[in-house]
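Visitor: This is the structure, below, for whatever I ask next.
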Amino acid sequence: MQLGADHVRVRVPATSANLGPGFDALGLALALYDEVEVRLVASDDVVVDVHGEGAGQVPLGEDHLVVRALRRTMDLAGAVPTGIHMTCHNVIPHGRGLGSSSAAVVAGIVAARALLAEPRAIDAAMVLALATEFEGHPDNAAPAIQGGATVAWTTDDGPRAVGLDVDPTIEATVLVPDARLATARARAALPEHVSHGDAAFTAGRAALLVEALARRPELLFDATEDRLHQPYRAAVLGASSELLRALRDEGVPATVSGAGPTVLVLAGPDHRERRDAVLADLVDETAGWRRLTPGIDTTGARARRISGNTGALSSGSSGATGSQVLPGSPAIRGGSMQ
């Protein structure tokens with residue numbers, strides 16, 4: 001596969017998975033973005049500069065997650081390996097349950113697509129499959145690619161996802177603690193088996209959540225109730241579990257974001273006054289919390305070609321010139337990835 005560009009810029013949103021009862025299935029994109037700029041160079045050099053979240057903590061070479069995802073996608077497309085100069089401007093908190101690793105993986109895949117002369121060679125299904133290959137499940141990857149709310153599932157033929165409607169009156173608030181929590185530790189807290197009653201209860205709430213998100217935000221409190229994973233994680237969530245309980249005791253639709261420890265509040269008009277009253281008492285920077293109101297992202301990952309390939313990086317490619325915006329997965333139609 002020939003290259004169509006040698007310089008691209010990518011933006012990927014944060015995501016919140018599970019949304020309470022939708023364990024490993026439901027996800028929501030948030031308007032909080034990591035930006036990655038990639039230049040291909042005619043050498044073997046791999047240079048990574050990281051600014052913001054993760055600076056001084058993440059690898060700065062071939063082991064960087066964005067580089068690994070980019071390399072995997074380029075290899076799949078049959079593109080000639082080159083050197084990489086990459087700059088990451090990270091805003092998504094790391095280790096807080098806001099999809100920072102999914103954002104990195106999707107950034108690498110989408111950047112690789114934008115560098116190819118034929119981006120559609122990596123189609124919608126392949127984008128999601130590649131991201132899931134790295135992440136293990138598609139609940140964060142799907143909204144990071146597509147934007148908005150999504151439900152994702154797996155089949156024998158690979159992962160699938162479909163977009164969900166979100167009522168425009170719903171506000172997303174994320175409450176980010178100073179403490180981190182590794183996903184592996186949060187998953188280790190889960191039991192191997194749950195009761196049929198708890199499974200049935202949670203399945204019903206997950207179905208209700210689809211309606212609450214789309215048309216009935218007044219139902220969000222009941223719709224975000226969960227018995228499948230959050231109760232078992234309370235011990236490892238610490239202060240986040242206490243904040244979650246305080247919010248729900250006042251009728252506020254709050255959930256753990258992903259594996260935690262961030263707390264997500266999805267508030268319709270009926271919940272905002274109670275939300276603000278609880279948070280005014282319990283959440284501020286002196287107590288070790290950041291309150292963010294990012295809004296819901298509706299576009300998903302986006303890539304922009306900054307300059308076309310000069311031919312030095314891929315034999316015989318005339319490439320593209322100028323600046324061109326490429327969606328993260330242009331083959332998506334009707335809000336679905338199948």
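Order determines the names: the first chain of the structure tokens is A, the second B, and so forth; residues in each chain are numbered 1 upward, and ligands are numbered 1 upward as they are shown.
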Residues of segment 74-178 of chain A within 8 Å of segment 297-301 of chain A: nearest atom pair and distance (Å, one decimal) for each, counting only C-alpha atoms, sorted by chain and number, as a tab-separated table?

Guide:
residue	atom	partner	partner_atom	distance
A:Val106	CA	A:Ala301	CA	7.4
A:Ala107	CA	A:Ala301	CA	7.4
A:Val110	CA	A:Ala301	CA	7.3
A:Pro143	CA	A:Gly300	CA	6.6
A:Ala144	CA	A:Gly300	CA	5.3
A:Ile145	CA	A:Gly300	CA	4.9
A:Gln146	CA	A:Gly300	CA	4.4
A:Gly147	CA	A:Gly300	CA	3.7
A:Gly148	CA	A:Thr298	CA	4.6

Visitor: Going by DSSP on the backbone, which residues of segment 29-131 of chain A come out as helix (DSSP H, G or I)? List them as a PDB file with N, CA and C atoms, in the first residue's frame.

Guide:
ATOM      1  N   LEU A  65       2.036   3.511  22.999  1.00  0.00           N
ATOM      2  CA  LEU A  65       0.818   2.853  22.535  1.00  0.00           C
ATOM      3  C   LEU A  65       0.333   3.400  21.196  1.00  0.00           C
ATOM      4  N   VAL A  66       0.447   4.698  20.968  1.00  0.00           N
ATOM      5  CA  VAL A  66       0.033   5.252  19.680  1.00  0.00           C
ATOM      6  C   VAL A  66       0.913   4.696  18.559  1.00  0.00           C
ATOM      7  N   VAL A  67       2.215   4.609  18.797  1.00  0.00           N
ATOM      8  CA  VAL A  67       3.139   4.075  17.794  1.00  0.00           C
ATOM      9  C   VAL A  67       2.823   2.617  17.509  1.00  0.00           C
ATOM     10  N   ARG A  68       2.575   1.843  18.549  1.00  0.00           N
ATOM     11  CA  ARG A  68       2.257   0.428  18.352  1.00  0.00           C
ATOM     12  C   ARG A  68       0.998   0.248  17.512  1.00  0.00           C
ATOM     13  N   ALA A  69      -0.048   1.038  17.797  1.00  0.00           N
ATOM     14  CA  ALA A  69      -1.293   0.923  17.026  1.00  0.00           C
ATOM     15  C   ALA A  69      -1.087   1.391  15.592  1.00  0.00           C
ATOM     16  N   LEU A  70      -0.307   2.453  15.419  1.00  0.00           N
ATOM     17  CA  LEU A  70      -0.014   2.939  14.066  1.00  0.00           C
ATOM     18  C   LEU A  70       0.754   1.886  13.276  1.00  0.00           C
ATOM     19  N   ARG A  71       1.785   1.310  13.867  1.00  0.00           N
ATOM     20  CA  ARG A  71       2.579   0.282  13.196  1.00  0.00           C
ATOM     21  C   ARG A  71       1.707  -0.923  12.819  1.00  0.00           C
ATOM     22  N   ARG A  72       0.852  -1.350  13.736  1.00  0.00           N
ATOM     23  CA  ARG A  72       0.007  -2.520  13.466  1.00  0.00           C
ATOM     24  C   ARG A  72      -0.904  -2.253  12.276  1.00  0.00           C
ATOM     25  N   THR A  73      -1.465  -1.055  12.210  1.00  0.00           N
ATOM     26  CA  THR A  73      -2.375  -0.715  11.115  1.00  0.00           C
ATOM     27  C   THR A  73      -1.627  -0.593   9.794  1.00  0.00           C
ATOM     28  N   MET A  74      -0.465   0.044   9.831  1.00  0.00           N
ATOM     29  CA  MET A  74       0.338   0.180   8.613  1.00  0.00           C
ATOM     30  C   MET A  74       0.798  -1.185   8.104  1.00  0.00           C
ATOM     31  N   ASP A  75       1.178  -2.060   9.024  1.00  0.00           N
ATOM     32  CA  ASP A  75       1.584  -3.407   8.621  1.00  0.00           C
ATOM     33  C   ASP A  75       0.429  -4.145   7.961  1.00  0.00           C
ATOM     34  N   LEU A  76      -0.765  -4.007   8.544  1.00  0.00           N
ATOM     35  CA  LEU A  76      -1.935  -4.676   7.993  1.00  0.00           C
ATOM     36  C   LEU A  76      -2.230  -4.190   6.578  1.00  0.00           C
ATOM     37  N   ALA A  77      -1.980  -2.892   6.343  1.00  0.00           N
ATOM     38  CA  ALA A  77      -2.226  -2.313   5.023  1.00  0.00           C
ATOM     39  C   ALA A  77      -1.092  -2.582   4.044  1.00  0.00           C
ATOM     40  N   SER A 100      -8.262   6.643  28.329  1.00  0.00           N
ATOM     41  CA  SER A 100      -7.009   7.188  27.794  1.00  0.00           C
ATOM     42  C   SER A 100      -6.288   6.170  26.916  1.00  0.00           C
ATOM     43  N   SER A 101      -6.320   4.907  27.296  1.00  0.00           N
ATOM     44  CA  SER A 101      -5.640   3.910  26.466  1.00  0.00           C
ATOM     45  C   SER A 101      -6.387   3.691  25.150  1.00  0.00           C
ATOM     46  N   SER A 102      -7.712   3.682  25.191  1.00  0.00           N
ATOM     47  CA  SER A 102      -8.484   3.573  23.950  1.00  0.00           C
ATOM     48  C   SER A 102      -8.220   4.761  23.037  1.00  0.00           C
ATOM     49  N   ALA A 103      -8.125   5.948  23.618  1.00  0.00           N
ATOM     50  CA  ALA A 103      -7.845   7.137  22.806  1.00  0.00           C
ATOM     51  C   ALA A 103      -6.495   7.004  22.114  1.00  0.00           C
ATOM     52  N   ALA A 104      -5.498   6.481  22.823  1.00  0.00           N
ATOM     53  CA  ALA A 104      -4.176   6.307  22.225  1.00  0.00           C
ATOM     54  C   ALA A 104      -4.217   5.293  21.089  1.00  0.00           C
ATOM     55  N   VAL A 105      -4.888   4.173  21.322  1.00  0.00           N
ATOM     56  CA  VAL A 105      -4.987   3.136  20.288  1.00  0.00           C
ATOM     57  C   VAL A 105      -5.717   3.665  19.062  1.00  0.00           C
ATOM     58  N   VAL A 106      -6.860   4.309  19.280  1.00  0.00           N
ATOM     59  CA  VAL A 106      -7.639   4.839  18.156  1.00  0.00           C
ATOM     60  C   VAL A 106      -6.852   5.922  17.432  1.00  0.00           C
ATOM     61  N   ALA A 107      -6.105   6.734  18.175  1.00  0.00           N
ATOM     62  CA  ALA A 107      -5.282   7.765  17.534  1.00  0.00           C
ATOM     63  C   ALA A 107      -4.278   7.137  16.577  1.00  0.00           C
ATOM     64  N   GLY A 108      -3.640   6.063  16.997  1.00  0.00           N
ATOM     65  CA  GLY A 108      -2.669   5.400  16.130  1.00  0.00           C
ATOM     66  C   GLY A 108      -3.310   4.804  14.887  1.00  0.00           C
ATOM     67  N   ILE A 109      -4.469   4.173  15.052  1.00  0.00           N
ATOM     68  CA  ILE A 109      -5.160   3.561  13.909  1.00  0.00           C
ATOM     69  C   ILE A 109      -5.631   4.624  12.933  1.00  0.00           C
ATOM     70  N   VAL A 110      -6.249   5.680  13.460  1.00  0.00           N
ATOM     71  CA  VAL A 110      -6.787   6.736  12.604  1.00  0.00           C
ATOM     72  C   VAL A 110      -5.659   7.505  11.917  1.00  0.00           C
ATOM     73  N   ALA A 111      -4.546   7.716  12.622  1.00  0.00           N
ATOM     74  CA  ALA A 111      -3.394   8.374  11.992  1.00  0.00           C
ATOM     75  C   ALA A 111      -2.869   7.522  10.845  1.00  0.00           C
ATOM     76  N   ALA A 112      -2.775   6.219  11.052  1.00  0.00           N
ATOM     77  CA  ALA A 112      -2.292   5.339   9.989  1.00  0.00           C
ATOM     78  C   ALA A 112      -3.211   5.396   8.770  1.00  0.00           C
ATOM     79  N   ARG A 113      -4.514   5.362   8.999  1.00  0.00           N
ATOM     80  CA  ARG A 113      -5.460   5.462   7.888  1.00  0.00           C
ATOM     81  C   ARG A 113      -5.255   6.743   7.092  1.00  0.00           C
ATOM     82  N   ALA A 114      -5.065   7.847   7.811  1.00  0.00           N
ATOM     83  CA  ALA A 114      -4.905   9.131   7.138  1.00  0.00           C
ATOM     84  C   ALA A 114      -3.606   9.210   6.345  1.00  0.00           C
ATOM     85  N   LEU A 115      -2.615   8.450   6.746  1.00  0.00           N
ATOM     86  CA  LEU A 115      -1.333   8.447   6.035  1.00  0.00           C
ATOM     87  C   LEU A 115      -1.392   7.617   4.753  1.00  0.00           C
ATOM     88  N   PRO A 119      -7.292   5.422   2.395  1.00  0.00           N
ATOM     89  CA  PRO A 119      -7.689   5.180   3.785  1.00  0.00           C
ATOM     90  C   PRO A 119      -8.773   4.123   3.941  1.00  0.00           C
ATOM     91  N   ARG A 120      -9.655   4.013   2.955  1.00  0.00           N
ATOM     92  CA  ARG A 120     -10.761   3.069   3.071  1.00  0.00           C
ATOM     93  C   ARG A 120     -10.305   1.610   2.966  1.00  0.00           C
ATOM     94  N   ALA A 121      -9.024   1.408   2.691  1.00  0.00           N
ATOM     95  CA  ALA A 121      -8.497   0.046   2.752  1.00  0.00           C
ATOM     96  C   ALA A 121      -8.613  -0.503   4.176  1.00  0.00           C
ATOM     97  N   ALA A 124     -14.444   0.335   8.300  1.00  0.00           N
ATOM     98  CA  ALA A 124     -15.016   0.551   9.631  1.00  0.00           C
ATOM     99  C   ALA A 124     -14.856  -0.670  10.529  1.00  0.00           C
ATOM    100  N   ALA A 125     -15.148  -1.846   9.975  1.00  0.00           N
ATOM    101  CA  ALA A 125     -15.035  -3.066  10.775  1.00  0.00           C
ATOM    102  C   ALA A 125     -13.598  -3.305  11.206  1.00  0.00           C
ATOM    103  N   MET A 126     -12.648  -3.005  10.340  1.00  0.00           N
ATOM    104  CA  MET A 126     -11.239  -3.214  10.673  1.00  0.00           C
ATOM    105  C   MET A 126     -10.768  -2.225  11.728  1.00  0.00           C
ATOM    106  N   VAL A 127     -11.248  -0.984  11.660  1.00  0.00           N
ATOM    107  CA  VAL A 127     -10.884   0.012  12.671  1.00  0.00           C
ATOM    108  C   VAL A 127     -11.297  -0.475  14.053  1.00  0.00           C
ATOM    109  N   LEU A 128     -12.551  -0.908  14.174  1.00  0.00           N
ATOM    110  CA  LEU A 128     -13.040  -1.383  15.467  1.00  0.00           C
ATOM    111  C   LEU A 128     -12.335  -2.660  15.893  1.00  0.00           C
ATOM    112  N   ALA A 129     -12.090  -3.562  14.955  1.00  0.00           N
ATOM    113  CA  ALA A 129     -11.420  -4.821  15.294  1.00  0.00           C
ATOM    114  C   ALA A 129      -9.989  -4.579  15.770  1.00  0.00           C
ATOM    115  N   LEU A 130      -9.283  -3.676  15.111  1.00  0.00           N
ATOM    116  CA  LEU A 130      -7.916  -3.367  15.523  1.00  0.00           C
ATOM    117  C   LEU A 130      -7.888  -2.759  16.923  1.00  0.00           C
ATOM    118  N   ALA A 131      -8.800  -1.828  17.170  1.00  0.00           N
ATOM    119  CA  ALA A 131      -8.844  -1.205  18.496  1.00  0.00           C
ATOM    120  C   ALA A 131      -9.175  -2.235  19.563  1.00  0.00           C
TER     121      ALA A 131
END

Visitor: May I ask which of the residues A:Ala188, A:Thr202, A:Trp153, A:Arg215 is the closest one to Thr169 of chain A, counting only C-alpha atoms?

Guide: A:Arg215

Visitor: Near Leu32 of chain A, within 9 Å and counting only C-alpha atoms, which residues show up once chain neighbours fewer than 6 positions away are dropped, as a list of chain:residue names?

Guide: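 Listed by chain and then number, they are A:Val12, A:Pro13, A:Ala14, A:Thr15, A:Val91, A:Ile92, A:Pro294, A:Gly295, A:Ile296, A:Asp297.
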
Visitor: Using DSSP secondary structure from the backbone, list all strand (DSSP E) positions within segment 38-143 of chain A, as a tab-separated table (two decimals) with all heavy atoms, in the first residue's frame.

Guide:
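What landed in part07.tsv:
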chain	number	residue	atom	x	y	z
A	38	VAL	N	1.64	13.41	13.74
A	38	VAL	CA	2.57	12.38	13.26
A	38	VAL	C	3.23	12.86	11.98
A	38	VAL	O	2.54	13.27	11.03
A	38	VAL	CB	1.85	11.04	13.01
A	38	VAL	CG1	2.83	10.00	12.46
A	38	VAL	CG2	1.20	10.53	14.29
A	39	ARG	N	4.55	12.77	11.97
A	39	ARG	CA	5.33	13.01	10.75
A	39	ARG	C	6.12	11.75	10.43
A	39	ARG	O	6.77	11.19	11.32
A	39	ARG	CB	6.31	14.18	10.92
A	39	ARG	CG	5.67	15.54	11.02
A	39	ARG	CD	6.74	16.62	11.21
A	39	ARG	NE	6.19	17.96	11.18
A	39	ARG	CZ	5.72	18.62	12.24
A	39	ARG	NH1	5.71	18.00	13.42
A	39	ARG	NH2	5.24	19.84	12.13
A	40	LEU	N	6.04	11.31	9.19
A	40	LEU	CA	6.86	10.20	8.74
A	40	LEU	C	8.17	10.76	8.20
A	40	LEU	O	8.18	11.77	7.48
A	40	LEU	CB	6.15	9.40	7.65
A	40	LEU	CG	4.82	8.77	8.04
A	40	LEU	CD1	4.28	7.92	6.90
A	40	LEU	CD2	4.93	7.95	9.31
A	41	VAL	N	9.27	10.12	8.56
A	41	VAL	CA	10.59	10.59	8.14
A	41	VAL	C	11.35	9.47	7.46
A	41	VAL	O	11.13	8.28	7.73
A	41	VAL	CB	11.39	11.13	9.35
A	41	VAL	CG1	10.71	12.35	9.94
A	41	VAL	CG2	11.58	10.06	10.42
A	46	VAL	N	12.51	6.91	15.73
A	46	VAL	CA	11.20	7.05	16.35
A	46	VAL	C	11.36	8.01	17.52
A	46	VAL	O	12.03	7.70	18.51
A	46	VAL	CB	10.64	5.70	16.84
A	46	VAL	CG1	9.32	5.91	17.57
A	46	VAL	CG2	10.45	4.74	15.67
A	47	VAL	N	10.79	9.18	17.37
A	47	VAL	CA	10.89	10.23	18.38
A	47	VAL	C	9.49	10.60	18.83
A	47	VAL	O	8.63	10.94	18.01
A	47	VAL	CB	11.61	11.48	17.82
A	47	VAL	CG1	11.67	12.58	18.87
A	47	VAL	CG2	13.01	11.12	17.34
A	48	VAL	N	9.22	10.52	20.13
A	48	VAL	CA	7.91	10.82	20.67
A	48	VAL	C	8.05	11.89	21.75
A	48	VAL	O	8.81	11.72	22.71
A	48	VAL	CB	7.24	9.57	21.28
A	48	VAL	CG1	5.85	9.92	21.84
A	48	VAL	CG2	7.13	8.46	20.24
A	49	ASP	N	7.33	12.99	21.59
A	49	ASP	CA	7.25	14.04	22.60
A	49	ASP	C	5.85	14.02	23.20
A	49	ASP	O	4.86	14.03	22.45
A	49	ASP	CB	7.52	15.42	21.99
A	49	ASP	CG	8.96	15.58	21.52
A	49	ASP	OD1	9.86	15.08	22.22
A	49	ASP	OD2	9.17	16.19	20.46
A	50	VAL	N	5.78	13.99	24.52
A	50	VAL	CA	4.48	13.94	25.20
A	50	VAL	C	4.34	15.17	26.09
A	50	VAL	O	5.22	15.46	26.91
A	50	VAL	CB	4.34	12.65	26.05
A	50	VAL	CG1	3.02	12.67	26.83
A	50	VAL	CG2	4.42	11.43	25.16
A	51	HIS	N	3.23	15.87	25.92
A	51	HIS	CA	2.91	17.04	26.73
A	51	HIS	C	1.58	16.79	27.45
A	51	HIS	O	0.66	16.21	26.89
A	51	HIS	CB	2.81	18.29	25.86
A	51	HIS	CG	4.02	18.54	25.02
A	51	HIS	ND1	5.13	19.22	25.48
A	51	HIS	CD2	4.31	18.17	23.75
A	51	HIS	CE1	6.04	19.28	24.53
A	51	HIS	NE2	5.57	18.64	23.47
A	52	GLY	N	1.49	17.24	28.68
A	52	GLY	CA	0.25	17.06	29.43
A	52	GLY	C	0.22	15.74	30.16
A	52	GLY	O	1.24	15.28	30.70
A	83	GLY	N	10.51	5.92	9.63
A	83	GLY	CA	10.68	6.56	10.92
A	83	GLY	C	9.47	7.42	11.26
A	83	GLY	O	8.68	7.79	10.39
A	84	ILE	N	9.33	7.72	12.54
A	84	ILE	CA	8.18	8.48	13.03
A	84	ILE	C	8.64	9.56	13.98
A	84	ILE	O	9.40	9.29	14.92
A	84	ILE	CB	7.18	7.55	13.76
A	84	ILE	CG1	6.61	6.50	12.81
A	84	ILE	CG2	6.05	8.36	14.41
A	84	ILE	CD1	5.79	5.43	13.52
A	85	HIS	N	8.20	10.78	13.75
A	85	HIS	CA	8.32	11.86	14.73
A	85	HIS	C	6.90	12.20	15.17
A	85	HIS	O	6.07	12.59	14.34
A	85	HIS	CB	9.01	13.08	14.13
A	85	HIS	CG	10.47	12.88	13.91
A	85	HIS	ND1	11.30	13.88	13.46
A	85	HIS	CD2	11.27	11.79	14.07
A	85	HIS	CE1	12.54	13.42	13.36
A	85	HIS	NE2	12.55	12.15	13.73
A	86	MET	N	6.62	12.06	16.45
A	86	MET	CA	5.25	12.20	16.94
A	86	MET	C	5.20	13.12	18.15
A	86	MET	O	6.06	13.04	19.04
A	86	MET	CB	4.69	10.83	17.31
A	86	MET	CG	3.22	10.82	17.69
A	86	MET	SD	2.63	9.13	17.89
A	86	MET	CE	3.36	8.71	19.47
A	87	THR	N	4.19	13.99	18.19
A	87	THR	CA	3.96	14.86	19.33
A	87	THR	C	2.56	14.60	19.85
A	87	THR	O	1.59	14.64	19.09
A	87	THR	CB	4.11	16.34	18.94
A	87	THR	OG1	5.40	16.55	18.39
A	87	THR	CG2	3.91	17.23	20.16
A	88	CYS	N	2.46	14.33	21.15
A	88	CYS	CA	1.17	14.06	21.79
A	88	CYS	C	0.84	15.18	22.76
A	88	CYS	O	1.64	15.49	23.65
A	88	CYS	CB	1.21	12.73	22.56
A	88	CYS	SG	1.64	11.30	21.56
A	89	HIS	N	-0.33	15.77	22.60
A	89	HIS	CA	-0.85	16.75	23.56
A	89	HIS	C	-2.02	16.09	24.27
A	89	HIS	O	-3.13	16.01	23.75
A	89	HIS	CB	-1.28	18.03	22.84
A	89	HIS	CG	-0.16	18.75	22.16
A	89	HIS	ND1	0.68	19.61	22.84
A	89	HIS	CD2	0.29	18.71	20.88
A	89	HIS	CE1	1.59	20.09	22.00
A	89	HIS	NE2	1.38	19.56	20.82
A	90	ASN	N	-1.76	15.58	25.48
A	90	ASN	CA	-2.73	14.75	26.18
A	90	ASN	C	-3.50	15.55	27.23
A	90	ASN	O	-2.90	16.21	28.09
A	90	ASN	CB	-2.02	13.59	26.88
A	90	ASN	CG	-1.38	12.63	25.91
A	90	ASN	OD1	-1.75	12.57	24.74
A	90	ASN	ND2	-0.40	11.86	26.39

Visitor: Just the number, please: distance in Å from atom CA of Asp167 of chain A to atom CA of Leu213 of chain A, one decimal.

Guide: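 Taking atom CA of Asp167 of chain A and atom CA of Leu213 of chain A, their separation equals 5.9 Å.
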
Visitor: Might you pull out every residue within 6 Å of Arg275 of chain A, with only C-alpha atoms counted and same-chain residues fewer than 3 positions away left off, and present them as a PyMOL selection string?

Guide: chain A and resi 252+272+278
